[in-house]
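Undergrad: Dropping the structure in here first, questions after.
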Amino acid sequence: MRKTLVDSLLSYCGDKKFCMLCGDLGFNALEPLQEKLGDRFINAGIAEQNMISVAAGLARLGMRPWIYSIAPFIYARAFEQIRNDVCLHNLPVVMIGSGAGYGYGVNGPTHHALEDCGSMSSLQNMTVYTPAFKDDFKYLTKIMICTKHPIYLRLGRDEAPSDYIPDAFSSYRELIHGNKGIILTIGGMAGMLIETIHSIDNEKIPSLWVCGEMPVKFEEMNAVLLNQIQNTDYLLITEDHVSTGGLGEQFITQIMQHGVVPKKFYHRCAKGYITGLYGSQDFYREENGIGPKSLKEFIENA
Amino acid sequence: MNLTYEETRLRLLKLYRDSEGSAHIGGGLSVLPIIYVLFDTVFNEKDDYFVLSKGHVAAALYCVLYAYGAIDENMLRTFYSSNGTHLGGHVSNSIVPFIPFATGALGHGVSLACGLALAKKFNDEKGNVYCVCGDGEWQEGSCWEALGFAVKHKLSNLKVIIDCNGWQGFGLVKDVIGQDIGNLAEKIRVFGANAVICDGGKTDDIRDSFAKNSCETSMTTVMLAKTIKGQGMLEYENTLASHYVSMTEELYNRVIKNEAL
């Protein structure tokens with residue numbers, strides 16, 4: 001997804017207001033932007049707090065700064081700068097947090113992003129985008145380039161089968177229309193679940209929906225989705241994010257406040273580091289019951 | 001300026017007296033000469049921006065803005081009002097366009113000012129960005145991140161002034177971090193910035209320092225002003241308690257009487 005995002009940004013490099021700051025990361029990815037932006041590409045060094053506030057200052061005088069780093073180095077390291085300097089002032093700073101959930105795998109917990117959606121979407125004026133497919137940037141890049149507000153982009157991996165062609169990016173998309181139950185997820189887990197669900201017997205195939213934007217707002221929910229929730233056997237929300245502040249907590253609060261109640265509700269999410277062992281993204285997902293094997297077992301027994 | 005420095009200081013003392021519960025008087029009195037002289041001599045609201053990184057001394061800024069003519073008496077009287085005000089206990093960004101950032105959490109201002117200064121360079125705009133910090137504030141690593149950035153990007157349009165009153169929230173700066181104005185200046189110079197020291201308790205000295213250091217330079221300039229926390233506050237002068245004491249009617253009367261002597 002990272003390469004597609006970078007490619008999608010190249011056509012905007014002629015805009016003198018567009019600039020990019022990176023936290024000394026982006027090797028083998030950001031070089032095309034570095035070349036095209038010239039002085040407006042700034043390696044702000046290993047100094048994320050300063051990078052965020054500098055971006056706020058740039059945005060305050062009309063520049064359109066984008067920031068790139070590994071996700072927790074942005075949302076966790078520089079939280080106060082994002083909260084006070086960017087969000088409080090409602091400035092159009094786009095923050096790309098690379099690595100969704102357990103995406104950095106065996107590199108370990110310091111590089112994982114399990115609290116980003118909750119912490120970032122709790123901030124005023126902030127929108128969190130959680131693209132699922134690389135093709136999402138055909139639409140999403142334009143939205144982000146034109147933003148007048150802060151954005152946090154949860155940049156994971158496109159995990160869909162290589163021949164999968166998604167519909168245009170939107171807040172809620174139905175990826176599979178099934179026969180029993182609904183699964184709602186975010187980001188790259190959607191692609192993983194497409195493959196998982198294809199191996200399920202027909203009568204147990206759930207509908208698969210993906211959410212692309214947080215905080216969750218009831219008015220942005222698809223009427224078809226809400227109808228399905230009330231009439232099908234169960235709603236499972238699964239995410240590579242902790243429960244607190246995550247999609248499950250936000251979504252169920254919103255629908256129940258509006259009288260939309262699923263017959264049964266299940267939530268599978270990241271719990272953290274259960275055994276303390278390091279491993280791949282799949283290792284962590286299975287350990288937390290959100291990997292393909294765990295979720296296939298859930299669907300078959302639901 | 002519509003008020004002299006002495007009149008502005010008197011207005012600040014009254015403002016503290018009239019705003020029940022407001023604190024940070026000690027830092028307000030130490031920073032006042034710096035902000036007053038800045039607006040009186042070098043600041044140009046058409047081209048310049050101001051960031052008060054030590055946002056807790058907001059009252060001093062409000063009184064200078066009043067003396068400068070940017071806010072009126074009615075607005076000034078709303079300081080610290082619990083019923084809704086633009087003049088809170090820490091600086092908001094809704095007072096005047098040339099103060100673009102709300103501040104209060106320490107260690108943000110220099111970075112914000114770097115962003116403004118860099119944007120000015122990208123936009124080919126003239127003018128400076130002035131940022132006033134505290135000396136204790138330079139314990140925040142982000143200040144040093146910002147200084148390194150400013151030097152690297154040759155932000156000569158960034159002017160940082162440090163109110164070196166020697167105190168912080170729960171002790172002396174030299175006790176907490178073993179640092180005085182001299183070695184703070186030395187560290188700043190090692191980072192590659194131009195560091196100058198002046199007597200921040202005397203408006204004439206600050207005026208001279210601004211005059212000497214406002215000429216064109218290719219370097220980021222940091223002015224370290226040696227000030228006295230709670231200057232003129234009798235038994236509270238140069239004490240930690242001046243950070244927290246309230247300006248009661250009784251204290252106000254004693255301070256005013258002493259100043260009249």
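Residue numbering restarts at 1 in every chain; chains get A, B, ... in the order shown in the structure tokens, and ligands count up from 1 in that same order.
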Out of region 71-231 of chain B, which residues get helix (DSSP H, G or I) from DSSP, as a PyMOL selection string?
TA: chain B and resi 73-76+109-122+136-139+141-152+173-177+181-190+203-213
Undergrad: Would you list which chain A residues are within 6 Å of chain B using only C-alpha atoms, as a VMD selection string?
TA: chain A and resid 47 50 53 to 55 57 to 58
Undergrad: Would you output that residue set with N, CA and C atoms, as an mmCIF file, in the first residue's frame?
TA:
```cif
data_model
loop_
_atom_site.group_PDB
_atom_site.id
_atom_site.type_symbol
_atom_site.label_atom_id
_atom_site.label_comp_id
_atom_site.auth_asym_id
_atom_site.auth_seq_id
_atom_site.Cartn_x
_atom_site.Cartn_y
_atom_site.Cartn_z
ATOM 1 N N ALA A 47 13.140 12.955 15.805
ATOM 2 C CA ALA A 47 12.669 14.011 16.705
ATOM 3 C C ALA A 47 11.188 14.268 16.397
ATOM 4 N N ASN A 50 9.087 17.431 17.753
ATOM 5 C CA ASN A 50 9.361 18.652 16.988
ATOM 6 C C ASN A 50 8.718 18.580 15.613
ATOM 7 N N SER A 53 4.975 19.498 15.730
ATOM 8 C CA SER A 53 4.722 20.923 15.995
ATOM 9 C C SER A 53 5.178 21.792 14.829
ATOM 10 N N VAL A 54 6.292 21.428 14.208
ATOM 11 C CA VAL A 54 6.735 22.167 13.015
ATOM 12 C C VAL A 54 5.651 22.083 11.936
ATOM 13 N N ALA A 55 5.092 20.894 11.774
ATOM 14 C CA ALA A 55 4.027 20.727 10.773
ATOM 15 C C ALA A 55 2.831 21.616 11.107
ATOM 16 N N GLY A 57 2.956 24.465 12.667
ATOM 17 C CA GLY A 57 3.361 25.829 12.299
ATOM 18 C C GLY A 57 3.286 26.053 10.799
ATOM 19 N N LEU A 58 3.731 25.065 10.045
ATOM 20 C CA LEU A 58 3.657 25.167 8.580
ATOM 21 C C LEU A 58 2.203 25.279 8.124
#
```
Undergrad: List the neighbours of Gly276 (chain A) out to 10 Å using only C-alpha atoms; skip same-chain residues closer than 4 positions along the sequence, and give me the result as a list in words.
TA: Gly108, Pro109 and Gly272 of chain A
Undergrad: Restricting the output to C-alpha atoms, write the selected residues as a PDB file, in the first residue's frame.
TA:
```
ATOM      1  CA  GLY A 108       7.912  -6.465  18.222  1.00  0.00           C
ATOM      2  CA  PRO A 109       5.550  -4.442  20.389  1.00  0.00           C
ATOM      3  CA  GLY A 272      -1.765  -7.262  23.654  1.00  0.00           C
TER       4      GLY A 272
END
```
Undergrad: What is the CA of Thr196 (chain A) to CA of Tyr278 (chain A) distance in Å?
TA: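 Going from CA of Thr196 (chain A) over to CA of Tyr278 (chain A) covers 24.0 Å.
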Undergrad: Report as a PyMOL selection string all protein, DNA and RNA residues lying within 9 Å of Ser214 (chain B), evaluated on only C-alpha atoms, omitting residues in the same chain fewer than 6 positions from it.
TA: chain B and resi 42+159+221
Undergrad: At a cut-off of 10 Å, using only C-alpha atoms, what residues contact Gly26 (chain A)? Leave out same-chain residues fewer than 6 positions from it and give the result as number ranges by chain.
TA: A: 2, 34, 43, 68-70, 98
Undergrad: Go ahead and dump the residues you just picked, N, CA and C atoms, as an mmCIF file, in the first residue's frame.
TA:
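Okay, again.cif is ready:
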```
data_model
loop_
_atom_site.group_PDB
_atom_site.id
_atom_site.type_symbol
_atom_site.label_atom_id
_atom_site.label_comp_id
_atom_site.auth_asym_id
_atom_site.auth_seq_id
_atom_site.Cartn_x
_atom_site.Cartn_y
_atom_site.Cartn_z
ATOM 1 N N ARG A 2 2.054 1.150 0.655
ATOM 2 C CA ARG A 2 2.895 2.327 0.808
ATOM 3 C C ARG A 2 3.347 2.873 -0.549
ATOM 4 N N GLN A 34 10.851 12.555 -2.322
ATOM 5 C CA GLN A 34 12.025 13.357 -1.945
ATOM 6 C C GLN A 34 12.595 14.054 -3.181
ATOM 7 N N ASN A 43 13.607 15.718 5.983
ATOM 8 C CA ASN A 43 13.860 14.677 6.982
ATOM 9 C C ASN A 43 14.049 15.404 8.315
ATOM 10 N N TYR A 68 5.365 11.421 7.841
ATOM 11 C CA TYR A 68 5.487 9.968 7.718
ATOM 12 C C TYR A 68 6.405 9.423 8.803
ATOM 13 N N SER A 69 5.943 8.393 9.486
ATOM 14 C CA SER A 69 6.819 7.651 10.389
ATOM 15 C C SER A 69 6.166 6.306 10.713
ATOM 16 N N ILE A 70 6.858 5.497 11.454
ATOM 17 C CA ILE A 70 6.240 4.272 11.966
ATOM 18 C C ILE A 70 5.175 4.694 12.975
ATOM 19 N N SER A 98 2.792 4.323 9.643
ATOM 20 C CA SER A 98 3.078 3.085 8.917
ATOM 21 C C SER A 98 3.060 1.889 9.865
#
```
Undergrad: What lies within 8 Å of region 74-88 of chain B using only C-alpha atoms, ignoring chain neighbours under 3 positions off, as a PyMOL selection string?
TA: chain B and resi 15+19-20+22+58-59+62-63+66+71+91-92+94-95
Undergrad: Please identify all polymer residues within 10 Å of Asp39 (chain A), counting only C-alpha atoms, omitting same-chain residues fewer than 3 positions from it, and present them as a ChimeraX atom specification.
TA: /A:19-20,34-36,42 /B:122
Undergrad: What is the distance, in Å and to one decimal place, between CA of Cys87 (chain A) and CA of Tyr129 (chain A)?
TA: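 So the two atoms, CA of Cys87 (chain A) and CA of Tyr129 (chain A), lie 15.5 Å apart.
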Undergrad: Can you list, as a PyMOL selection string, all residues belonging to region 36-127 of chain B that DSSP tags as strand (DSSP E)?
TA: chain B and resi 49-52
